Amino acid sequence: MKNNRKSVSELATLVGGEIVGDGDILVDHVASLERAGEGAVAFIEDERTINRAEGCKASCLIVSKKISITFNSIIAVNHPKLAFALIAQHLHPKKRNDPSIDPTAIIHLNTKIDPTAFIGAYAEIGSDTTIGTHTEIHQAVSIGENVRIGSNCTIYPHVVIYDNVTIEDNVILHAGSIIGADGFGYVRSKQGYEKFPQLGTVIIEKDVEIGANTCIDRGALGTTRIGEGTKIDNLVQIGHNVEIGKRVVIAAQTGISGSTIIEDDAVIGGQVGMGDHARVERGAIIGSKAGILPGKIVRKGSVMWGVPVRPLDEYKRLNAYFGKLPQMHDEIKELKEQLKEILTKIETMDSKD
Amino acid sequence: MKNNRKSVSELATLVGGEIVGDGDILVDHVASLERAGEGAVAFIEDERTINRAEGCKASCLIVSKKISITFNSIIAVNHPKLAFALIAQHLHPKKRNDPSIDPTAIIHLNTKIDPTAFIGAYAEIGSDTTIGTHTEIHQAVSIGENVRIGSNCTIYPHVVIYDNVTIEDNVILHAGSIIGADGFGYVRSKQGYEKFPQLGTVIIEKDVEIGANTCIDRGALGTTRIGEGTKIDNLVQIGHNVEIGKRVVIAAQTGISGSTIIEDDAVIGGQVGMGDHARVERGAIIGSKAGILPGKIVRKGSVMWGVPVRPLDEYKRLNAYFGKLPQMHDEIKELKEQLKEILTKIETMDSKD
Amino acid sequence: MKNNRKSVSELATLVGGEIVGDGDILVDHVASLERAGEGAVAFIEDERTINRAEGCKASCLIVSKKISITFNSIIAVNHPKLAFALIAQHLHPKKRNDPSIDPTAIIHLNTKIDPTAFIGAYAEIGSDTTIGTHTEIHQAVSIGENVRIGSNCTIYPHVVIYDNVTIEDNVILHAGSIIGADGFGYVRSKQGYEKFPQLGTVIIEKDVEIGANTCIDRGALGTTRIGEGTKIDNLVQIGHNVEIGKRVVIAAQTGISGSTIIEDDAVIGGQVGMGDHARVERGAIIGSKAGILPGKIVRKGSVMWGVPVRPLDEYKRLNAYFGKLPQMHDEIKELKEQLKEILTKIETMDSKD
């Protein structure tokens with residue numbers, strides 16, 4: 001990876017920030033506050049991290065406009081972490097292979113591979129498949145028949161894409177991810193299980209990133225769809241006919257059963273499980289390890305936790321009461337004893353009359 | 001995939017159904033009610049989906065004999081979904097590669113590969129390994145030494161099969177599944193952990209299907225066994241020496257620890273965890289996200305839920321009471337106050353005497 | 001695998017055990033008590049398994065010095081299971097490929113591959129990468145640029161190692177594991193999510209074993225580290241910047257979020273989830289399926305269970321009370337009715353005055 005070398009003022013312009021101090025200093029990489037040295041840009045996320053900046057040896061700091069700090073060269077912005085991410089993308093451009101098709105790659109009939117694409121060693125590209133401009137297909141990737149892959153995609157080593165899948169522009173598929181394997185559908189017969197047809201497809205829209213060893217099954221009769229700008233972590237399972245909206249975030253090891261719908265801008269934690277035919281409405285947040293029952297609807301913008309999911313406030317309250325169970329149990333016992341005493345007392349009083 | 005073209009009456013015969021209306025219409029694919037067009041067979045699962053059939057453009061509908069519906073061409077059966085699955089298998093035969101060994105495949109000494117088998121590009125077949133009739137080994141599959149693979153198997157790209165594993169007929173291994181890696185066994189010593197021997201094997205019986213990126217570890221000293229007709233979803237972990245019976249269904253991301261036994265016809269949800277040396281008896285159903293403690297026995301035919309598992313009825317009841325905890329807590333508080341009042345009252349009355 | 005053939009007395013010396021009976025018998029493999037036959041060494045773990053030794057046909061038994069048992073040839077030791085593991089390693093040496101670089105392996109510029117290493121078919125080794133003595137790189141393994149791999153490592157088929165990763169001596173990476181993929185970090189912008197830089201690395205220290213299809217993400221700006229002697233099971237997710245100490249054990253399907261620290265000698269069950277920036281102190285034990293909240297500190301040597309984690313004793317007690325919820329609910333109801341009766345009674349008595 002060759003880094004770019006830029007002046008602080010160029011970078012400030014890039015992120016719409018204000019320069020405080022020296023704008024002519026040249027920087028060529030990003031780093032954490034602790035590790036930053038000469039040529040590095042670091043950032044302070046918020047007030048809480050100001051003290052970590054003390055003694056920082058970075059050449060330039062990105063800070064919030066709200067923060068007052070003394071440093072040789074500062075870019076002041078509204079969102080320091082976002083500015084840092086954008087500057088990092090600028091200083092550390094993605095490593096690119098030269099356009100080429102490795103002589104060991106196996107290209108079947110009737111494919112359309114753009115001359116700007118890179119096809120790595122031992123990859124196999126099935127017939128009737130299209131690969132767009134500047135897309136990189138790495139070592140041993142397996143791409144089936146009639147697959148469409150857009151422009152500027154990075155398909156890391158050992159990805160497997162089954163037949164008839166569509167992948168739009170700027171998609172990143174990390175190593176070992178499997179796109180379009182058969183969904184898990186069977187019908188019980190007298191003898192055992194008969195395979196329900198898994199003849200549908202997968203569409204991955206643009207700007208999606210998918211983690212290592214994640215599996216996205218093809219639709220049974222329809223389509224499994226991952227919406228534009230959605231980010232999925234490692235080891236996630238997406239079942240057949242699932243529809244995931246735009247800009248959804250799904251953390252590692254979450255599993256989503258067949259035909260479930262996740263609407264735009266939802267945020268799903270890690271190790272969440274969703275039953276089939278559920279629906280997570282726009283902007284909802286699902287806590288890690290939560291469980292959503294089949295058919296359940298999680299309302300727009302709600303924050304849900306637990307198994308089965310409840311609103312976070314309720315979940316926290318119930319958990320607090322859960323911790324009081326022994327105390328409640330003892331109180332009930334004591335109440336029973338006191339009542340018994342009172343009854344005796346009353347009977348005594350009664351008999352006195 | 002070239003589809004077969006059949007008349008409705010041929011298909012009705014295949015599934016033992018009755019033709020209502022036109023039996024001569026030709027169909028060549030299956031589809032969902034919503035997407036079906038000319039040449040398509042669709043099905044109505046039960047009464048609840050009848051209204052979805054309105055305006056359906058399929059050439060033929062499979063319906064339950066119990067349902068009354070008007071349509072141009074109907075196959076009436078006892079189990080519409082099963083008939084649909086069987087007809088789908090008939091109209092959409094599995095794509096088959098011509099028997100061949102790709103020149104890039106690496107075949108070690110003393111293998112027996114049936115001349116009807118297909119060995120894809122960059123596959124490696126270890127010495128003393130046998131591949132049966134019509135079996136397909138796809139791109140870059142890694143098969144160790146002394147492995148036996150039966151007939152009509154499909155081993156998708158990037159599957160890894162370690163040494164000494166046995167795979168019977170009609171088995172499907174989806175992409176990225178790993179069969180026969182070392183089980184997770186160590187013995188603590190003063191210095192750290194010593195590897196316990198992982199010298200056993202894996203036997204996968206006939207008609208098993210295993211999902212993408214699923215891992216099935218070899219036995220430590222014995223055998224890990226997956227019984228006939230069992231279906232396992234993606235990203236499942238099967239530990240060493242686990243024995244899974246016939247026609248078991250295991251959904252995605254479930255993990256089964258060493259030496260646990262799952263008997264025939266059990267149904268296991270997704271993200272279930274089972275401790276070691278547990279036993280799930282015949283026909284039991286384990287709900288998604290359930291946790292089974294080491295050594296636990298789940299009785300024949302029971303339906304279990306939760307962490308740790310309880311009978312579903314009890315689980316539901318306890319969950320309902322869990323939601324009432326704040327109310328119970330308040331009631332106890334109120335009882336305590338009332339009791340206090342009563343005690344005051346009684347003391348007053350007492351002092352009056 | 002060719003086994004070694006040794007006398008019982010040689011093996012006794014190896015593990016510091018005492019021979020009881022015949023020390024000259026030759027053995028060449030280990031086996032379980034039930035399957036052991038001529039030439040086999042078996043072991044009795046403790047008193048509970050003594051009866052399983054009855055009729056055992058092994059040539060030699062490893063038993064605890066505390067146990068009294070009659071057998072033709074015995075090695076008596078303090079820790080039979082550990083002795084068995086060590087003897088197994090001795091009788092069943094790891095299968096070794098002859099030093100060689102397969103002609104199909106693709107070796108980029110400026111690599112240093114020790115002449116005693118084995119590089120399998122279709123592997124790809126990136127530029128500036130080093131492979132140590134006696135290390136084995138199996139079929140189709142993908143190794144990036146500037147990777148350092150130590151001596152005596154086994155990298156099973158289809159492992160993917162991204163750029164700039166360091167792997168020390170005696171490391172085993174099972175098939176399909178992915179080391180150094182990008183961590184899951186994004187910053188929300190108006191348009192969607194911007195990728196936070198994932199420019200760090202992974203260091204895997206010596207004597208580590210990592211299971212099949214496990215994913216270990218690279219640090220964002222720093223390092224993800226797996227400490228010496230740590231053992232990680234299949235399908236585990238290790239997030240960016242996680243630091244795992246020495247001799248830690250992590251069972252299958254556990255997920256550890258970014259920047260979390262696990263100190264030496266901790267034991268983590270299966271399907272555990274840990275939020276980011278948590279810390280598990282030295283020697284703590286975390287039960288399977290437990291959930292650790294972000295930022296949580298689990299104290300040194302503690303044993304924690306549940307979601308969210310609580311001390312095991314408390315977890316057990318709360319679970320027991322959880323099962324009593326219906327009874328507690330009924331008791332509260334009854335108390336309310338009794339109180340009502342008492343109030344009526346008191347009013348009656350009061351009115352009598």
# chains A, B, ... in the order shown; residues from 1 in each chain; ligands from 1
call {"tool": "residues_around", "arguments": {"residues": "stretch 239-253 of chain B", "least_positions_apart": "4", "cutoff": "8 Å", "atoms": "only C-alpha atoms", "output": "PyMOL selection string"}}
result
(chain A and resi 184+192-193+237+253+255) or (chain B and resi 182-184+216-220+222-235+257-272) or (chain C and resi 253)
call {"tool": "residues_around", "arguments": {"residues": "C:Ala121", "least_positions_apart": "3", "cutoff": "6 Å", "atoms": "only C-alpha atoms", "output": "VMD selection string"}}
result
chain C and resid 102 104 to 105 139
call {"tool": "write_last_selection", "arguments": {"atoms": "C-alpha atoms", "output": "mmCIF file, in the first residue's frame"}}
result
data_model
loop_
_atom_site.group_PDB
_atom_site.id
_atom_site.type_symbol
_atom_site.label_atom_id
_atom_site.label_comp_id
_atom_site.auth_asym_id
_atom_site.auth_seq_id
_atom_site.Cartn_x
_atom_site.Cartn_y
_atom_site.Cartn_z
ATOM 1 C CA ASP C 102 4.363 -27.667 -5.435
ATOM 2 C CA THR C 104 1.408 -25.056 -9.059
ATOM 3 C CA ALA C 105 2.023 -22.864 -6.018
ATOM 4 C CA GLN C 139 -3.756 -26.697 -0.755
#
call {"tool": "interface_residues", "arguments": {"of": "chain C", "to": "chain B", "cutoff": "6 Å", "atoms": "only C-alpha atoms", "output": "MDAnalysis selection string"}}
result
chainID C and resid 31 82 85 247
call {"tool": "select_by_dssp", "arguments": {"residues": "stretch 72-286 of chain B", "states": "alpha helix (DSSP H)", "output": "mmCIF file with N, CA, C and O atoms, in the first residue's frame"}}
result
data_model
loop_
_atom_site.group_PDB
_atom_site.id
_atom_site.type_symbol
_atom_site.label_atom_id
_atom_site.label_comp_id
_atom_site.auth_asym_id
_atom_site.auth_seq_id
_atom_site.Cartn_x
_atom_site.Cartn_y
_atom_site.Cartn_z
ATOM 1 N N PRO B 80 -50.105 -30.616 -0.419
ATOM 2 C CA PRO B 80 -49.715 -29.787 -1.585
ATOM 3 C C PRO B 80 -48.248 -29.379 -1.585
ATOM 4 O O PRO B 80 -47.606 -29.404 -2.633
ATOM 5 N N LYS B 81 -47.702 -29.026 -0.416
ATOM 6 C CA LYS B 81 -46.319 -28.555 -0.393
ATOM 7 C C LYS B 81 -45.351 -29.687 -0.763
ATOM 8 O O LYS B 81 -44.368 -29.472 -1.478
ATOM 9 N N LEU B 82 -45.668 -30.885 -0.278
ATOM 10 C CA LEU B 82 -44.835 -32.043 -0.616
ATOM 11 C C LEU B 82 -44.926 -32.353 -2.109
ATOM 12 O O LEU B 82 -43.904 -32.597 -2.772
ATOM 13 N N ALA B 83 -46.156 -32.320 -2.656
ATOM 14 C CA ALA B 83 -46.329 -32.584 -4.092
ATOM 15 C C ALA B 83 -45.567 -31.545 -4.920
ATOM 16 O O ALA B 83 -44.921 -31.871 -5.924
ATOM 17 N N PHE B 84 -45.641 -30.294 -4.464
ATOM 18 C CA PHE B 84 -44.936 -29.209 -5.147
ATOM 19 C C PHE B 84 -43.426 -29.456 -5.146
ATOM 20 O O PHE B 84 -42.743 -29.294 -6.157
ATOM 21 N N ALA B 85 -42.898 -29.904 -3.989
ATOM 22 C CA ALA B 85 -41.460 -30.177 -3.891
ATOM 23 C C ALA B 85 -41.059 -31.299 -4.850
ATOM 24 O O ALA B 85 -40.040 -31.215 -5.555
ATOM 25 N N LEU B 86 -41.877 -32.347 -4.908
ATOM 26 C CA LEU B 86 -41.553 -33.487 -5.774
ATOM 27 C C LEU B 86 -41.640 -33.091 -7.248
ATOM 28 O O LEU B 86 -40.811 -33.489 -8.061
ATOM 29 N N ILE B 87 -42.646 -32.308 -7.585
ATOM 30 C CA ILE B 87 -42.798 -31.849 -8.967
ATOM 31 C C ILE B 87 -41.654 -30.899 -9.332
ATOM 32 O O ILE B 87 -41.115 -30.946 -10.447
ATOM 33 N N ALA B 88 -41.235 -30.059 -8.378
ATOM 34 C CA ALA B 88 -40.100 -29.159 -8.634
ATOM 35 C C ALA B 88 -38.841 -29.960 -8.944
ATOM 36 O O ALA B 88 -38.081 -29.638 -9.859
ATOM 37 N N GLN B 89 -38.615 -31.024 -8.172
ATOM 38 C CA GLN B 89 -37.444 -31.881 -8.420
ATOM 39 C C GLN B 89 -37.502 -32.474 -9.830
ATOM 40 O O GLN B 89 -36.475 -32.631 -10.490
ATOM 41 N N HIS B 90 -38.727 -32.773 -10.273
ATOM 42 C CA HIS B 90 -38.925 -33.409 -11.570
ATOM 43 C C HIS B 90 -38.743 -32.421 -12.726
ATOM 44 O O HIS B 90 -38.120 -32.737 -13.738
ATOM 45 N N LEU B 91 -39.273 -31.227 -12.553
ATOM 46 C CA LEU B 91 -39.172 -30.219 -13.618
ATOM 47 C C LEU B 91 -37.797 -29.561 -13.656
ATOM 48 O O LEU B 91 -37.339 -29.123 -14.708
#
call {"tool": "residues_around", "arguments": {"residues": "stretch 77-79 of chain C", "least_positions_apart": "3", "cutoff": "9 Å", "atoms": "only C-alpha atoms", "output": "PyMOL selection string"}}
result
chain C and resi 12+15-18+45+62-66+82-84
call {"tool": "select_by_dssp", "arguments": {"residues": "stretch 211-259 of chain A", "states": "strand (DSSP E or B)", "output": "PyMOL selection string"}}
result
chain A and resi 215-216+223-226+231-232+237-238+243-244+249-250+255-256
call {"tool": "residues_around", "arguments": {"residues": "A:Ile167", "least_positions_apart": "6", "cutoff": "12 Å", "atoms": "only C-alpha atoms", "output": "short mmCIF file (atom, residue, chain, number, x, y, z; two decimals) with all heavy atoms, in the first residue's frame"}}
result
data_model
loop_
_atom_site.label_atom_id
_atom_site.label_comp_id
_atom_site.auth_asym_id
_atom_site.auth_seq_id
_atom_site.Cartn_x
_atom_site.Cartn_y
_atom_site.Cartn_z
N THR A 129 -21.30 -15.09 -17.42
CA THR A 129 -21.09 -14.21 -16.27
C THR A 129 -20.42 -12.91 -16.71
O THR A 129 -19.62 -12.90 -17.64
CB THR A 129 -20.27 -14.97 -15.21
OG1 THR A 129 -21.16 -15.85 -14.52
CG2 THR A 129 -19.60 -14.04 -14.20
N THR A 130 -20.76 -11.83 -16.03
CA THR A 130 -20.25 -10.50 -16.36
C THR A 130 -19.47 -9.93 -15.18
O THR A 130 -19.93 -10.01 -14.04
CB THR A 130 -21.43 -9.54 -16.64
OG1 THR A 130 -22.25 -10.13 -17.63
CG2 THR A 130 -20.93 -8.18 -17.10
N ILE A 131 -18.28 -9.38 -15.43
CA ILE A 131 -17.48 -8.73 -14.39
C ILE A 131 -17.23 -7.29 -14.83
O ILE A 131 -16.70 -7.05 -15.92
CB ILE A 131 -16.12 -9.43 -14.21
CG1 ILE A 131 -16.27 -10.96 -14.08
CG2 ILE A 131 -15.34 -8.82 -13.05
CD1 ILE A 131 -16.71 -11.47 -12.76
N GLY A 132 -17.58 -6.31 -13.96
CA GLY A 132 -17.54 -4.90 -14.34
C GLY A 132 -16.16 -4.27 -14.24
O GLY A 132 -15.16 -4.92 -13.89
N THR A 135 -13.15 -4.15 -11.16
CA THR A 135 -13.46 -5.14 -10.13
C THR A 135 -12.30 -6.11 -9.98
O THR A 135 -11.63 -6.45 -10.95
CB THR A 135 -14.78 -5.85 -10.48
OG1 THR A 135 -15.86 -5.00 -10.08
CG2 THR A 135 -14.93 -7.19 -9.79
N ILE A 143 -16.95 -18.45 -9.05
CA ILE A 143 -18.15 -17.72 -9.49
C ILE A 143 -18.90 -18.59 -10.48
O ILE A 143 -18.32 -19.11 -11.43
CB ILE A 143 -17.75 -16.37 -10.13
CG1 ILE A 143 -17.00 -15.52 -9.09
CG2 ILE A 143 -18.98 -15.64 -10.66
CD1 ILE A 143 -16.56 -14.16 -9.59
N ASN A 146 -23.95 -17.30 -15.12
CA ASN A 146 -24.96 -16.26 -15.19
C ASN A 146 -24.96 -15.34 -13.97
O ASN A 146 -25.99 -14.92 -13.47
CB ASN A 146 -26.35 -16.91 -15.37
CG ASN A 146 -27.40 -15.88 -15.77
OD1 ASN A 146 -27.10 -14.93 -16.48
ND2 ASN A 146 -28.60 -16.07 -15.27
N VAL A 147 -23.75 -15.04 -13.49
CA VAL A 147 -23.59 -14.12 -12.36
C VAL A 147 -23.26 -12.74 -12.93
O VAL A 147 -22.53 -12.63 -13.92
CB VAL A 147 -22.47 -14.61 -11.43
CG1 VAL A 147 -22.10 -13.56 -10.39
CG2 VAL A 147 -22.88 -15.92 -10.77
N ARG A 148 -23.81 -11.70 -12.32
CA ARG A 148 -23.45 -10.35 -12.73
C ARG A 148 -22.76 -9.63 -11.59
O ARG A 148 -23.32 -9.52 -10.51
CB ARG A 148 -24.68 -9.56 -13.16
CG ARG A 148 -25.06 -9.87 -14.62
CD ARG A 148 -26.35 -9.17 -14.99
NE ARG A 148 -27.44 -9.66 -14.15
CZ ARG A 148 -28.50 -8.93 -13.79
NH1 ARG A 148 -28.60 -7.68 -14.17
NH2 ARG A 148 -29.45 -9.45 -13.05
N ILE A 149 -21.53 -9.20 -11.81
CA ILE A 149 -20.79 -8.45 -10.79
C ILE A 149 -20.48 -7.08 -11.37
O ILE A 149 -19.97 -6.97 -12.49
CB ILE A 149 -19.50 -9.21 -10.40
CG1 ILE A 149 -19.89 -10.57 -9.80
CG2 ILE A 149 -18.68 -8.39 -9.40
CD1 ILE A 149 -18.74 -11.38 -9.28
N GLY A 150 -20.79 -6.04 -10.60
CA GLY A 150 -20.66 -4.67 -11.07
C GLY A 150 -19.23 -4.17 -11.07
O GLY A 150 -18.26 -4.93 -11.10
N SER A 151 -19.09 -2.85 -10.98
CA SER A 151 -17.79 -2.18 -11.05
C SER A 151 -17.21 -1.97 -9.65
O SER A 151 -17.94 -1.87 -8.68
CB SER A 151 -17.96 -0.82 -11.70
OG SER A 151 -18.43 -1.00 -13.02
N ASN A 152 -15.89 -1.86 -9.60
CA ASN A 152 -15.18 -1.50 -8.36
C ASN A 152 -15.48 -2.44 -7.20
O ASN A 152 -15.44 -2.02 -6.04
CB ASN A 152 -15.53 -0.07 -7.94
CG ASN A 152 -15.07 0.93 -8.98
OD1 ASN A 152 -13.92 0.91 -9.38
ND2 ASN A 152 -15.98 1.77 -9.45
N CYS A 153 -15.80 -3.67 -7.48
CA CYS A 153 -16.00 -4.64 -6.40
C CYS A 153 -14.68 -5.27 -6.02
O CYS A 153 -13.76 -5.38 -6.84
CB CYS A 153 -16.96 -5.75 -6.85
SG CYS A 153 -18.63 -5.15 -7.14
N THR A 154 -14.56 -5.70 -4.75
CA THR A 154 -13.42 -6.50 -4.32
C THR A 154 -13.95 -7.82 -3.79
O THR A 154 -14.68 -7.85 -2.80
CB THR A 154 -12.62 -5.78 -3.22
OG1 THR A 154 -12.22 -4.51 -3.71
CG2 THR A 154 -11.38 -6.59 -2.84
N ILE A 155 -13.59 -8.89 -4.47
CA ILE A 155 -14.02 -10.22 -4.05
C ILE A 155 -12.77 -10.92 -3.54
O ILE A 155 -11.90 -11.32 -4.33
CB ILE A 155 -14.65 -11.00 -5.23
CG1 ILE A 155 -15.63 -10.13 -6.04
CG2 ILE A 155 -15.31 -12.28 -4.74
CD1 ILE A 155 -16.87 -9.68 -5.32
N ILE A 161 -19.52 -17.81 -5.11
CA ILE A 161 -20.78 -17.23 -5.57
C ILE A 161 -21.47 -18.26 -6.47
O ILE A 161 -20.92 -18.64 -7.50
CB ILE A 161 -20.53 -15.91 -6.33
CG1 ILE A 161 -19.78 -14.92 -5.42
CG2 ILE A 161 -21.83 -15.31 -6.85
CD1 ILE A 161 -19.30 -13.66 -6.13
N LEU A 173 -16.71 -8.31 -0.76
CA LEU A 173 -17.03 -9.61 -0.16
C LEU A 173 -15.76 -10.16 0.47
O LEU A 173 -14.78 -10.44 -0.23
CB LEU A 173 -17.54 -10.60 -1.21
CG LEU A 173 -18.79 -10.20 -2.01
CD1 LEU A 173 -19.15 -11.35 -2.97
CD2 LEU A 173 -19.95 -9.91 -1.09
N ILE A 179 -22.15 -16.89 -1.20
CA ILE A 179 -23.34 -16.17 -1.66
C ILE A 179 -24.17 -17.08 -2.57
O ILE A 179 -23.69 -17.51 -3.62
CB ILE A 179 -22.95 -14.89 -2.43
CG1 ILE A 179 -21.86 -14.10 -1.69
CG2 ILE A 179 -24.18 -14.04 -2.71
CD1 ILE A 179 -22.22 -13.59 -0.33
N GLY A 180 -25.39 -17.35 -2.15
CA GLY A 180 -26.31 -18.04 -3.05
C GLY A 180 -26.39 -19.55 -2.89
O GLY A 180 -26.93 -20.24 -3.76
N THR A 201 -32.78 -16.44 -6.22
CA THR A 201 -31.47 -15.82 -6.40
C THR A 201 -31.12 -14.89 -5.24
O THR A 201 -31.85 -14.81 -4.26
CB THR A 201 -31.41 -15.07 -7.75
OG1 THR A 201 -30.08 -14.62 -7.95
CG2 THR A 201 -32.36 -13.88 -7.77
N VAL A 202 -29.96 -14.25 -5.37
CA VAL A 202 -29.52 -13.24 -4.40
C VAL A 202 -29.18 -11.98 -5.18
O VAL A 202 -28.52 -12.05 -6.22
CB VAL A 202 -28.26 -13.70 -3.64
CG1 VAL A 202 -27.77 -12.61 -2.68
CG2 VAL A 202 -28.51 -14.99 -2.88
N ILE A 203 -29.63 -10.84 -4.68
CA ILE A 203 -29.20 -9.55 -5.22
C ILE A 203 -28.52 -8.77 -4.10
O ILE A 203 -29.11 -8.55 -3.05
CB ILE A 203 -30.39 -8.75 -5.78
CG1 ILE A 203 -31.02 -9.52 -6.95
CG2 ILE A 203 -29.94 -7.35 -6.22
CD1 ILE A 203 -32.27 -8.87 -7.51
N ILE A 204 -27.28 -8.40 -4.34
CA ILE A 204 -26.55 -7.56 -3.39
C ILE A 204 -26.38 -6.20 -4.04
O ILE A 204 -25.70 -6.07 -5.07
CB ILE A 204 -25.19 -8.18 -3.03
CG1 ILE A 204 -25.44 -9.54 -2.33
CG2 ILE A 204 -24.38 -7.25 -2.13
CD1 ILE A 204 -24.19 -10.26 -1.90
N GLU A 205 -27.01 -5.20 -3.45
CA GLU A 205 -26.99 -3.86 -4.06
C GLU A 205 -25.66 -3.16 -3.80
O GLU A 205 -24.80 -3.65 -3.08
CB GLU A 205 -28.17 -3.05 -3.54
CG GLU A 205 -29.51 -3.63 -3.97
CD GLU A 205 -30.71 -2.85 -3.46
OE1 GLU A 205 -30.52 -1.84 -2.77
OE2 GLU A 205 -31.84 -3.26 -3.77
N LYS A 206 -25.52 -1.96 -4.36
CA LYS A 206 -24.21 -1.31 -4.33
C LYS A 206 -23.78 -0.86 -2.93
O LYS A 206 -24.61 -0.70 -2.04
CB LYS A 206 -24.19 -0.13 -5.31
CG LYS A 206 -25.10 1.02 -4.96
CD LYS A 206 -24.94 2.14 -6.00
CE LYS A 206 -25.78 3.34 -5.61
NZ LYS A 206 -25.56 4.50 -6.49
N ASP A 207 -22.49 -0.70 -2.78
CA ASP A 207 -21.89 -0.20 -1.54
C ASP A 207 -22.09 -1.12 -0.33
O ASP A 207 -21.99 -0.68 0.81
CB ASP A 207 -22.42 1.20 -1.20
CG ASP A 207 -22.11 2.21 -2.30
OD1 ASP A 207 -21.05 2.08 -2.93
OD2 ASP A 207 -22.94 3.12 -2.52
N VAL A 208 -22.36 -2.38 -0.58
CA VAL A 208 -22.50 -3.35 0.53
C VAL A 208 -21.13 -3.93 0.85
O VAL A 208 -20.31 -4.15 -0.04
CB VAL A 208 -23.50 -4.46 0.12
CG1 VAL A 208 -23.43 -5.64 1.09
CG2 VAL A 208 -24.92 -3.90 0.05
N GLU A 209 -20.88 -4.18 2.15
CA GLU A 209 -19.67 -4.93 2.56
C GLU A 209 -20.12 -6.14 3.36
O GLU A 209 -20.97 -6.02 4.25
CB GLU A 209 -18.72 -4.04 3.38
CG GLU A 209 -17.46 -4.77 3.80
CD GLU A 209 -16.32 -3.83 4.20
OE1 GLU A 209 -16.52 -2.61 4.20
OE2 GLU A 209 -15.22 -4.34 4.51
N ILE A 210 -19.56 -7.28 3.06
CA ILE A 210 -19.97 -8.53 3.71
C ILE A 210 -18.75 -9.21 4.30
O ILE A 210 -17.72 -9.35 3.63
CB ILE A 210 -20.71 -9.43 2.70
CG1 ILE A 210 -22.09 -8.81 2.46
CG2 ILE A 210 -20.85 -10.87 3.21
CD1 ILE A 210 -22.90 -9.48 1.41
N THR A 224 -33.35 -13.25 -2.34
CA THR A 224 -32.77 -12.72 -1.11
C THR A 224 -32.08 -11.43 -1.50
O THR A 224 -31.28 -11.42 -2.44
CB THR A 224 -31.75 -13.71 -0.54
OG1 THR A 224 -32.39 -14.98 -0.36
CG2 THR A 224 -31.19 -13.23 0.78
N ARG A 225 -32.37 -10.33 -0.78
CA ARG A 225 -31.86 -9.03 -1.21
C ARG A 225 -31.16 -8.32 -0.07
O ARG A 225 -31.66 -8.26 1.05
CB ARG A 225 -33.02 -8.17 -1.71
CG ARG A 225 -32.60 -6.77 -2.16
CD ARG A 225 -33.81 -5.94 -2.59
NE ARG A 225 -34.46 -6.51 -3.76
CZ ARG A 225 -34.15 -6.18 -5.02
NH1 ARG A 225 -33.22 -5.27 -5.25
NH2 ARG A 225 -34.78 -6.73 -6.03
N ILE A 226 -29.97 -7.80 -0.36
CA ILE A 226 -29.22 -6.99 0.60
C ILE A 226 -29.18 -5.58 0.04
O ILE A 226 -28.60 -5.35 -1.03
CB ILE A 226 -27.79 -7.53 0.79
CG1 ILE A 226 -27.76 -9.05 1.00
CG2 ILE A 226 -27.09 -6.80 1.94
CD1 ILE A 226 -28.42 -9.56 2.24
N GLY A 227 -29.78 -4.63 0.76
CA GLY A 227 -29.96 -3.28 0.23
C GLY A 227 -28.69 -2.45 0.21
O GLY A 227 -27.73 -2.70 0.95
N GLU A 228 -28.73 -1.41 -0.58
CA GLU A 228 -27.62 -0.49 -0.81
C GLU A 228 -27.01 0.04 0.50
O GLU A 228 -27.73 0.48 1.40
CB GLU A 228 -28.19 0.69 -1.62
CG GLU A 228 -27.16 1.68 -2.06
CD GLU A 228 -27.82 2.84 -2.82
OE1 GLU A 228 -28.83 2.60 -3.51
OE2 GLU A 228 -27.34 3.97 -2.68
#
call {"tool": "atom_distance", "arguments": {"atom1": "atom CA of A:Tyr156", "atom2": "atom CA of A:His174"}}
result
5.1 Å
call {"tool": "atom_distance", "arguments": {"atom1": "atom CA of C:Gly295", "atom2": "atom CA of C:Val280"}}
result
10.2 Å
